[in-house]
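> So here's coords16.txt (compact mmCIF, C-alpha atoms and all ligand atoms).
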```txt
# COMPACT_ATOMS: atom_id res chain seq x y z
CA MET A 422 0.00 0.00 0.00
CA VAL A 423 2.61 2.46 1.11
CA ASP A 424 4.69 1.65 -1.98
CA VAL A 425 1.99 2.90 -4.30
CA TYR A 426 0.44 5.92 -2.60
CA ARG A 427 2.23 9.26 -2.53
CA CYS A 428 1.36 12.43 -0.68
CA PRO A 429 -1.11 14.24 -2.98
CA ASN A 430 0.39 17.59 -1.90
CA CYS A 431 4.13 17.06 -2.35
CA LEU A 432 4.14 13.63 -4.13
CA GLY A 433 6.67 12.47 -1.53
CA PRO A 434 6.66 8.96 -0.03
CA LEU A 435 4.36 8.17 2.91
CA LEU A 436 5.13 6.38 6.16
CA ASP A 437 2.93 3.42 7.05
CA GLN A 438 1.48 4.17 10.49
CA PRO A 439 -1.04 1.95 12.35
CA ASP A 440 -4.09 4.04 11.33
CA SER A 441 -2.69 6.43 8.77
CA LEU A 442 -0.25 7.20 6.00
CA ARG A 443 2.02 9.99 7.09
CA CYS A 444 3.81 12.72 5.11
CA ASP A 445 6.67 13.75 7.39
CA ARG A 446 7.69 16.61 5.15
CA GLU A 447 4.38 18.38 5.64
CA ASP A 448 3.35 16.86 8.95
CA ILE A 449 0.09 15.47 7.56
CA ASP A 450 -1.52 12.18 8.59
CA TYR A 451 -3.91 10.75 6.01
CA PRO A 452 -6.31 8.40 7.83
CA VAL A 453 -6.67 4.74 6.80
CA ILE A 454 -9.97 3.19 7.93
CA ASP A 455 -11.07 -0.33 6.94
CA HIS A 456 -7.92 -0.47 4.72
CA ILE A 457 -9.21 2.57 2.79
CA ALA A 458 -6.90 5.59 2.65
CA ASP A 459 -8.51 9.03 2.77
CA PHE A 460 -6.59 11.90 1.16
CA MET A 461 -9.44 14.44 1.06
CA ARG A 462 -8.91 15.81 4.57
CA GLY A 463 -12.65 16.16 5.10
CA ASN A 464 -13.22 18.07 1.87
CA TYR A 465 -15.68 15.61 0.26
CA TYR A 466 -17.75 16.01 -2.89
CA ASP A 467 -20.86 15.13 -0.90
CA GLN A 468 -22.04 15.27 2.67
CA PHE A 469 -22.79 11.80 3.91
CA ASP A 470 -23.20 10.72 7.49
CA GLU A 471 -22.68 6.98 7.98
CA ASN A 472 -25.26 7.02 10.77
CA THR A 473 -28.12 8.24 8.60
CA ILE A 474 -30.36 5.57 7.14
CA LEU A 475 -30.67 5.67 3.36
CA THR A 476 -34.19 5.91 1.94
CA ALA A 477 -35.51 2.83 0.10
CA GLU A 478 -35.39 4.87 -3.12
CA HIS A 479 -31.74 5.81 -2.64
CA ARG A 480 -30.85 2.22 -1.77
CA GLN A 481 -32.55 0.97 -4.96
CA ALA A 482 -30.73 3.56 -7.05
CA LEU A 483 -27.40 2.36 -5.61
CA GLU A 484 -28.30 -1.27 -6.35
CA ARG A 485 -29.22 -0.41 -9.95
CA GLU A 486 -25.75 1.13 -10.31
CA ASN A 487 -24.13 -2.26 -9.70
CA ASP A 488 -25.27 -3.70 -13.04
CA GLY A 489 -24.12 -0.57 -14.84
CA ALA A 490 -20.67 -0.76 -13.19
CA ILE A 491 -20.27 -4.43 -14.11
CA SER A 492 -21.32 -3.87 -17.71
CA ARG A 493 -19.09 -0.77 -18.06
CA ILE A 494 -15.99 -2.84 -17.26
CA ASN A 495 -16.80 -6.35 -18.48
CA ASP A 496 -18.74 -5.51 -21.64
CA PHE A 497 -16.98 -2.33 -22.71
CA TYR A 498 -13.61 -1.34 -21.20
CA LEU A 499 -12.01 -4.77 -20.79
CA PRO A 500 -12.61 -5.66 -24.49
CA LEU A 501 -11.50 -2.14 -25.52
CA ILE A 502 -8.26 -2.26 -23.51
CA LYS A 503 -7.38 -5.78 -24.77
CA ALA A 504 -3.81 -5.91 -23.32
CA SER A 505 -3.27 -7.78 -20.04
CA SER A 506 -1.56 -6.97 -16.73
CA LEU A 507 -1.74 -3.19 -17.00
CA ARG A 508 -1.71 -0.59 -14.24
CA ILE A 509 -5.19 0.94 -14.41
CA LEU A 510 -6.75 3.76 -12.43
CA ASP A 511 -10.51 4.27 -12.35
CA ALA A 512 -10.84 7.95 -11.43
CA GLY A 513 -14.32 8.50 -10.04
CA CYS A 514 -14.88 4.78 -9.54
CA GLY A 515 -18.17 5.25 -7.64
CA ASN A 516 -19.10 2.03 -5.87
CA GLY A 517 -15.63 0.58 -6.59
CA ILE A 518 -16.88 -2.63 -8.26
CA SER A 519 -14.70 -1.73 -11.26
CA VAL A 520 -11.52 -2.22 -9.23
CA ASP A 521 -12.54 -5.72 -8.11
CA LEU A 522 -13.41 -6.63 -11.73
CA LEU A 523 -10.22 -5.19 -13.24
CA THR A 524 -8.14 -6.92 -10.56
CA ALA A 525 -9.95 -10.22 -11.21
CA ALA A 526 -9.10 -9.78 -14.91
CA GLY A 527 -5.38 -9.67 -14.03
CA HIS A 528 -4.79 -5.91 -14.00
CA ASP A 529 -3.07 -3.92 -11.27
CA ALA A 530 -6.08 -1.68 -10.64
CA TYR A 531 -6.79 1.23 -8.31
CA GLY A 532 -9.81 3.44 -7.83
CA ILE A 533 -10.43 6.86 -6.35
CA ASP A 534 -13.53 8.88 -5.60
CA SER A 535 -13.97 12.05 -3.60
CA SER A 536 -17.22 10.99 -1.95
CA ALA A 537 -17.92 10.03 1.66
CA LEU A 538 -20.90 7.92 0.53
CA ARG A 539 -18.57 5.92 -1.72
CA ARG A 540 -16.10 5.28 1.07
CA TRP A 541 -18.99 3.83 3.08
CA GLN A 542 -19.98 1.60 0.11
CA TRP A 543 -16.40 0.39 -0.37
CA ARG A 544 -16.47 -1.62 2.85
CA GLU A 545 -18.18 -4.31 0.74
CA ARG A 546 -15.37 -4.49 -1.83
CA VAL A 547 -12.80 -7.31 -1.94
CA HIS A 548 -9.81 -5.04 -2.72
CA ARG A 549 -10.52 -2.14 -0.36
CA GLU A 550 -6.80 -1.40 -0.06
CA ARG A 551 -6.91 -0.42 -3.76
CA LEU A 552 -9.59 2.23 -3.18
CA ALA A 553 -8.77 5.71 -1.91
CA VAL A 554 -10.77 8.83 -1.20
CA ALA A 555 -9.00 11.42 -3.32
CA ASP A 556 -9.44 14.27 -5.79
CA GLY A 557 -8.68 13.74 -9.49
CA ALA A 558 -6.77 17.04 -9.61
CA LYS A 559 -4.59 15.93 -6.64
CA LEU A 560 -4.08 12.21 -7.06
CA PRO A 561 -2.04 10.26 -4.47
CA PHE A 562 0.14 8.56 -7.10
CA ALA A 563 3.55 9.19 -8.62
CA ASP A 564 3.90 10.74 -12.08
CA ALA A 565 3.47 8.36 -15.04
CA TYR A 566 2.40 5.44 -12.84
CA PHE A 567 -0.56 4.13 -14.90
CA HIS A 568 -0.87 2.65 -18.40
CA VAL A 569 -4.60 3.37 -18.53
CA VAL A 570 -6.84 5.83 -16.70
CA LEU A 571 -10.63 5.46 -16.90
CA CYS A 572 -12.89 8.34 -15.98
CA SER A 573 -16.61 7.80 -16.47
CA GLY A 574 -19.27 10.40 -15.83
CA VAL A 575 -17.00 12.77 -13.89
CA LEU A 576 -15.67 15.61 -16.09
CA GLU A 577 -19.13 17.18 -16.48
CA HIS A 578 -19.42 17.56 -12.68
CA ILE A 579 -16.21 19.59 -12.42
CA GLY A 580 -16.57 23.38 -12.26
CA VAL A 581 -20.37 23.46 -12.10
CA GLU A 582 -22.90 24.00 -9.36
CA GLU A 583 -25.65 21.39 -9.14
CA MET A 584 -28.81 22.02 -7.19
CA GLY A 585 -31.08 19.36 -5.77
CA GLY A 586 -34.81 19.64 -5.29
CA ASP A 587 -37.72 18.53 -7.45
CA GLU A 588 -36.06 19.48 -10.69
CA TYR A 589 -32.39 18.99 -11.58
CA ARG A 590 -30.67 22.32 -12.09
CA VAL A 591 -27.04 23.04 -12.90
CA LYS A 592 -24.97 26.07 -13.83
CA PRO A 593 -21.33 26.58 -14.77
CA LEU A 594 -19.07 28.31 -12.24
CA PRO A 595 -16.85 31.20 -13.41
CA ASN A 596 -13.71 29.02 -13.04
CA ARG A 597 -15.21 26.00 -14.85
CA ASP A 598 -12.59 25.72 -17.60
CA GLU A 599 -9.72 26.23 -15.18
CA ALA A 600 -11.14 23.54 -12.85
CA ARG A 601 -11.61 21.12 -15.76
CA ARG A 602 -8.07 21.78 -17.00
CA ALA A 603 -6.67 21.12 -13.52
CA PHE A 604 -8.70 17.91 -13.28
CA LEU A 605 -7.61 16.63 -16.71
CA GLY A 606 -4.04 17.71 -15.98
CA GLY A 607 -4.14 15.64 -12.78
CA LEU A 608 -5.29 12.53 -14.66
CA LEU A 609 -2.68 13.02 -17.39
CA ARG A 610 0.09 13.53 -14.83
CA VAL A 611 -0.26 9.97 -13.50
CA LEU A 612 -0.42 8.52 -17.01
CA ALA A 613 2.74 6.98 -18.49
CA PRO A 614 4.05 8.29 -21.84
CA GLY A 615 2.03 6.56 -24.56
CA GLY A 616 -0.67 5.74 -22.01
CA THR A 617 -4.38 6.15 -22.61
CA LEU A 618 -7.01 8.15 -20.79
CA TYR A 619 -10.65 7.28 -21.51
CA LEU A 620 -13.26 9.90 -20.69
CA ASP A 621 -16.96 9.25 -21.06
CA PHE A 622 -20.09 11.30 -20.35
CA PRO A 623 -23.35 12.39 -22.01
CA ASN A 624 -22.62 14.55 -25.05
CA GLY A 625 -23.26 18.26 -24.44
CA ALA A 626 -23.95 18.72 -28.16
CA PHE A 627 -26.90 16.29 -27.93
CA PRO A 628 -30.01 18.11 -26.65
CA ILE A 629 -31.34 15.36 -24.37
CA ASP A 630 -29.65 14.16 -21.20
CA PHE A 631 -30.94 10.86 -19.77
CA TRP A 632 -28.40 10.70 -16.94
CA HIS A 633 -28.77 13.82 -14.84
CA ASN A 634 -32.17 14.14 -13.30
CA THR A 635 -33.82 13.71 -9.97
CA ARG A 636 -35.61 10.67 -11.42
CA GLY A 637 -33.22 8.18 -13.02
CA GLY A 638 -33.47 7.68 -16.75
CA SER A 639 -36.00 10.43 -17.45
CA ALA A 640 -35.23 12.82 -20.28
CA ARG A 641 -33.85 16.27 -19.48
CA PHE A 642 -34.01 18.60 -22.45
CA HIS A 643 -31.27 21.21 -22.34
CA SER A 644 -29.66 23.93 -24.38
CA THR A 645 -26.39 22.92 -26.03
CA ARG A 646 -25.01 26.14 -24.49
CA GLU A 647 -25.98 25.11 -20.97
CA GLY A 648 -22.30 24.90 -19.99
CA PHE A 649 -22.58 21.62 -18.11
CA LEU A 650 -22.08 18.56 -20.34
CA PRO A 651 -18.92 18.88 -22.45
CA ALA A 652 -18.94 18.37 -26.21
CA PHE A 653 -16.06 16.77 -28.14
CA ALA A 654 -14.59 20.15 -29.13
CA GLU A 655 -14.34 21.23 -25.49
CA VAL A 656 -12.22 18.19 -24.63
CA VAL A 657 -10.01 18.84 -27.66
CA GLN A 658 -9.55 22.44 -26.45
CA LEU A 659 -8.76 21.40 -22.85
CA ALA A 660 -6.25 18.77 -24.00
CA ASN A 661 -4.67 21.24 -26.42
CA ASP A 662 -4.28 23.82 -23.63
CA LEU A 663 -2.46 21.22 -21.52
CA ASP A 664 -0.26 19.75 -24.25
CA PRO A 665 -0.90 20.14 -28.00
CA ARG A 666 0.78 16.78 -28.66
CA ILE A 667 -2.01 14.85 -26.91
CA THR A 668 -4.15 13.02 -29.47
CA VAL A 669 -7.90 13.10 -28.89
CA THR A 670 -10.22 10.69 -30.68
CA ALA A 671 -13.85 9.69 -30.24
CA VAL A 672 -14.42 5.97 -29.70
CA SER A 673 -17.67 4.23 -30.65
CA PRO A 674 -19.88 4.14 -27.55
CA ASN A 675 -21.56 0.96 -28.80
CA GLY A 676 -21.76 -1.45 -25.87
CA ARG A 677 -21.08 1.21 -23.25
CA LEU A 678 -24.72 1.64 -22.19
CA ARG A 679 -27.51 -0.75 -21.36
CA PHE A 680 -30.36 1.80 -21.47
CA ARG A 681 -32.01 -0.03 -18.59
CA GLN A 682 -33.20 3.07 -16.79
CA VAL A 683 -34.26 4.86 -19.96
CA ARG A 684 -36.41 1.86 -20.91
CA GLN A 685 -38.63 2.47 -17.91
CA HIS A 686 -40.09 5.42 -19.84
CA TRP A 687 -42.30 5.23 -22.93
CA TYR A 688 -39.85 7.22 -25.07
CA GLY A 689 -37.05 4.90 -23.99
CA ARG A 690 -38.98 1.93 -25.31
CA ALA A 691 -40.02 3.81 -28.46
CA PHE A 692 -36.46 4.82 -29.29
CA ALA A 693 -34.72 1.63 -28.15
CA LEU A 694 -34.41 0.15 -31.63
CA PRO A 695 -33.37 3.36 -33.46
CA MET A 696 -30.83 3.98 -30.67
CA GLN A 697 -29.38 0.49 -31.01
CA LEU A 698 -29.04 1.03 -34.76
CA LEU A 699 -27.40 4.43 -34.24
CA PHE A 700 -24.91 2.99 -31.72
CA ALA A 701 -24.09 0.10 -34.06
CA ALA A 702 -23.61 2.59 -36.92
CA MET A 703 -20.99 4.42 -34.87
CA ASP A 704 -18.81 1.29 -34.98
CA HIS A 705 -18.48 1.87 -38.73
CA VAL A 706 -18.85 5.63 -39.22
CA PRO A 707 -16.19 7.40 -37.12
CA ARG A 708 -17.42 10.95 -37.79
CA LEU A 709 -20.76 10.19 -36.09
CA ARG A 710 -18.98 9.50 -32.79
CA ARG A 711 -18.00 13.11 -32.14
CA SER A 712 -21.12 14.63 -33.70
CA ALA A 713 -24.33 15.96 -32.19
CA VAL A 714 -26.27 12.81 -33.12
CA ASN A 715 -24.31 10.79 -30.56
CA PRO A 716 -25.96 11.00 -27.10
CA PHE A 717 -22.93 9.63 -25.21
CA LEU A 718 -19.27 10.46 -25.83
CA VAL A 719 -16.41 8.07 -25.21
CA ILE A 720 -13.12 9.90 -25.81
CA ARG A 721 -9.61 8.49 -25.93
CA LEU A 722 -6.66 10.75 -25.08
CA THR A 723 -3.20 9.40 -25.81
CA LYS A 724 -0.26 10.93 -24.00
CA PRO A 725 2.83 11.56 -26.16
ZN ZN B 1 3.50 15.83 1.47
```
Now, as a test, write the supplied structure out as structure tokens.
Ligand SMILES: [Zn+2]


Amino acid sequence: MVDVYRCPNCLGPLLDQPDSLRCDREDIDYPVIDHIADFMRGNYYDQFDENTILTAEHRQALERENDGAISRINDFYLPLIKASSLRILDAGCGNGISVDLLTAAGHDAYGIDSSALRRWQWRERVHRERLAVADGAKLPFADAYFHVVLCSGVLEHIGVEEMGGDEYRVKPLPNRDEARRAFLGGLLRVLAPGGTLYLDFPNGAFPIDFWHNTRGGSARFHSTREGFLPAFAEVVQLANDLDPRITVTAVSPNGRLRFRQVRQHWYGRAFALPMQLLFAAMDHVPRLRRSAVNPFLVIRLTKP
């Protein structure tokens, strides 16, 4: 454990203490509870109290996520990655199932998330010591450590303010681009030369968002200038700002989604077949993948 993690502040080595990892240089103790290291120093993405009882609805939503997490790795990313025994980081790994699956497939996998709720969920994972509470912009790993970094459904949440309530509302913060650059820069820092970063999220150029709503899978119509969901060109711009030599390509999202939640709605059932045909078409027509007809972007960044 101590061999892999570095201080996210100074990137120096950490001392293995009974209940913490310690950076002597800065006099910081990062707590380790249930074999899970916590580098956030209380600054979590969410507010979650382990003593509160989750509502039945919330519990169901978390259970539904399990199938999605399994399919994301087993049906999509493992076949896409192909090579074996790689060092892989899942940045924003949510429930952490991905790390157990990637490890079972023979990879040296780690996962981070900045959420207190996730840390609570991780107690059920087999490889808890491979999960850490951390921020993508300040990762607790050495430079160039990973061959592959996966980051699903995270970039859109950086640099925006999301409001709960009956209706999902979101607005960009003034420092959005700077925050997204810092986040991407953090992911690219831990990537080895020639390594691959996969980003995926709903396409901001597509006017319907099925993923961000107070009710799962219901359609949220939005302006393409909303400033929340990134489009392909925004990722190209961010990558170019960081290092113009980074190559950015759109991958076919076919196989990435199961549309299970969307199918609970009439329009989901009505559009299921046309959507399947569109996703299959993207296997063969590369220019569709980055265009506004694609509801869900999968983007590959290759580090020089
Ligand atoms: Zn330090």

> One decimal, in Å: what's the spacing between atom CA of Val554 of chain A and atom CA of Phe604 of chain A?

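If I compute the distance from atom CA of Val554 of chain A to atom CA of Phe604 of chain A, I get 15.3 Å.
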
> Kindly work out which residues sit at most 9 Å from ligand ZN 1 (chain B), using all atoms listed in the file, and give the list as number ranges by chain.

A: 427-435, 443-449

> Figure out the distance between atom CA of Asp459 of chain A and atom CA of Pro561 of chain A, please, to one decimal in Å.

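Rounded to one decimal, the two atoms are 9.8 Å apart.
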
> Between A:Leu538, A:Ala660, A:Ala565, A:Ile720, which is the closest to Tyr465 of chain A once you count all atoms listed in the file?

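Closest to Tyr465 of chain A, using all atoms listed in the file: A:Leu538.
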
> Would you mind telling me which residue in A:Ala490, A:Ala671, A:Ile518, A:Ala654 lies nearest to Arg710 of chain A when using only C-alpha atoms?

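Of the candidates, the smallest distance to Arg710 of chain A is held by A:Ala671.
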
> Could you tell me which of A:Asp664, A:Glu577, A:Asp424, A:Glu588 comes closest to Leu718 of chain A if we count all atoms listed in the file?

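With all atoms listed in the file as the atom set, the closest residue is A:Glu577.
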
> In Å, with one decimal, what is the gap from atom CA of Leu552 of chain A to atom CA of Gly676 of chain A?

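According to the coordinates, atom CA of Leu552 of chain A and atom CA of Gly676 of chain A are separated by 26.0 Å.
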
> What are the centre and edge lengths in Å, to one decimal, of the axis-aligned box around all listed atoms of segment 641-657 of chain A with 3 Å added on each side, as AutoDock Vina command-line options?


```
--center_x -22.0 --center_y 21.2 --center_z -23.6 --size_x 30.0 --size_y 15.9 --size_z 17.0
```

> Pick from A:Asp534, A:Asp440, A:Asp521, A:Asp470: nearest to Pro452 of chain A, with only C-alpha atoms counted?

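Distance minimum relative to Pro452 of chain A lands on A:Asp440.
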
> Got a sec: who's within 8 Å of Ala537 of chain A, counting all atoms listed in the file, leaving out chain neighbours fewer than 2 positions off, as a list in words?

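These residues fall inside the cut-off: Tyr465, Tyr466, Asp467, Gln468, Phe469, Asp470, Ser535, Arg539, Arg540, Trp541 and Val554 of chain A.
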
> Quick one: of A:Leu436, A:Val611, A:Leu709, A:Cys514, who's nearest to Val453 of chain A, counting all atoms listed in the file?

A:Leu436

> Hey, which of A:Asp511, A:Asp529, A:Glu545, A:Asp662 ends up closest to Leu560 of chain A? Count only C-alpha atoms.

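The answer is A:Asp511, which sits nearest to Leu560 of chain A.
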
> Distance cut-off 7 Å, centre (-14.8, 23.5, -17.5) in file coordinates, counting all atoms listed in the file: which residues qualify? Return them as a list in words.

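It turns out the residues near that spot are Ile579, Gly580, Arg597, Asp598, Glu599, Ala600, Arg601 and Arg602 of chain A.
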
> Counting all atoms listed in the file, I want the residues whose atoms come within 9 Å of (-17.3, 15.5, -29.2) in the file frame, returned as number ranges by chain.

A: 624-626, 651-657, 670-671, 710-713, 715, 718-720

> Excluding Ser673 of chain A and any residue of its chain fewer than 2 positions from it, enumerate the residues within 6 Å of it, using all atoms listed in the file, and give them as a list in words.

Asn675, Met703, Asp704 and Arg710 of chain A

> Write out as a ChimeraX atom specification each polymer residue whose atoms come within 9 Å of segment 493-509 of chain A, counting only C-alpha atoms; drop sequence neighbours fewer than 2 positions from it.

/A:488-491,511,519-520,522-523,526-532,566-571,674-678

> Emit the selected residues as a tab-separated table (two decimals), in the coordinates of the input, including C-alpha atoms.


```
chain	number	residue	atom	x	y	z
A	488	ASP	CA	-25.27	-3.70	-13.04
A	489	GLY	CA	-24.12	-0.57	-14.84
A	490	ALA	CA	-20.67	-0.76	-13.19
A	491	ILE	CA	-20.27	-4.43	-14.11
A	511	ASP	CA	-10.51	4.27	-12.35
A	519	SER	CA	-14.70	-1.73	-11.26
A	520	VAL	CA	-11.52	-2.22	-9.23
A	522	LEU	CA	-13.41	-6.63	-11.73
A	523	LEU	CA	-10.22	-5.19	-13.24
A	526	ALA	CA	-9.10	-9.78	-14.91
A	527	GLY	CA	-5.38	-9.67	-14.03
A	528	HIS	CA	-4.79	-5.91	-14.00
A	529	ASP	CA	-3.07	-3.92	-11.27
A	530	ALA	CA	-6.08	-1.68	-10.64
A	531	TYR	CA	-6.79	1.23	-8.31
A	532	GLY	CA	-9.81	3.44	-7.83
A	566	TYR	CA	2.40	5.44	-12.84
A	567	PHE	CA	-0.56	4.13	-14.90
A	568	HIS	CA	-0.87	2.65	-18.40
A	569	VAL	CA	-4.60	3.37	-18.53
A	570	VAL	CA	-6.84	5.83	-16.70
A	571	LEU	CA	-10.63	5.46	-16.90
A	674	PRO	CA	-19.88	4.14	-27.55
A	675	ASN	CA	-21.56	0.96	-28.80
A	676	GLY	CA	-21.76	-1.45	-25.87
A	677	ARG	CA	-21.08	1.21	-23.25
A	678	LEU	CA	-24.72	1.64	-22.19
```
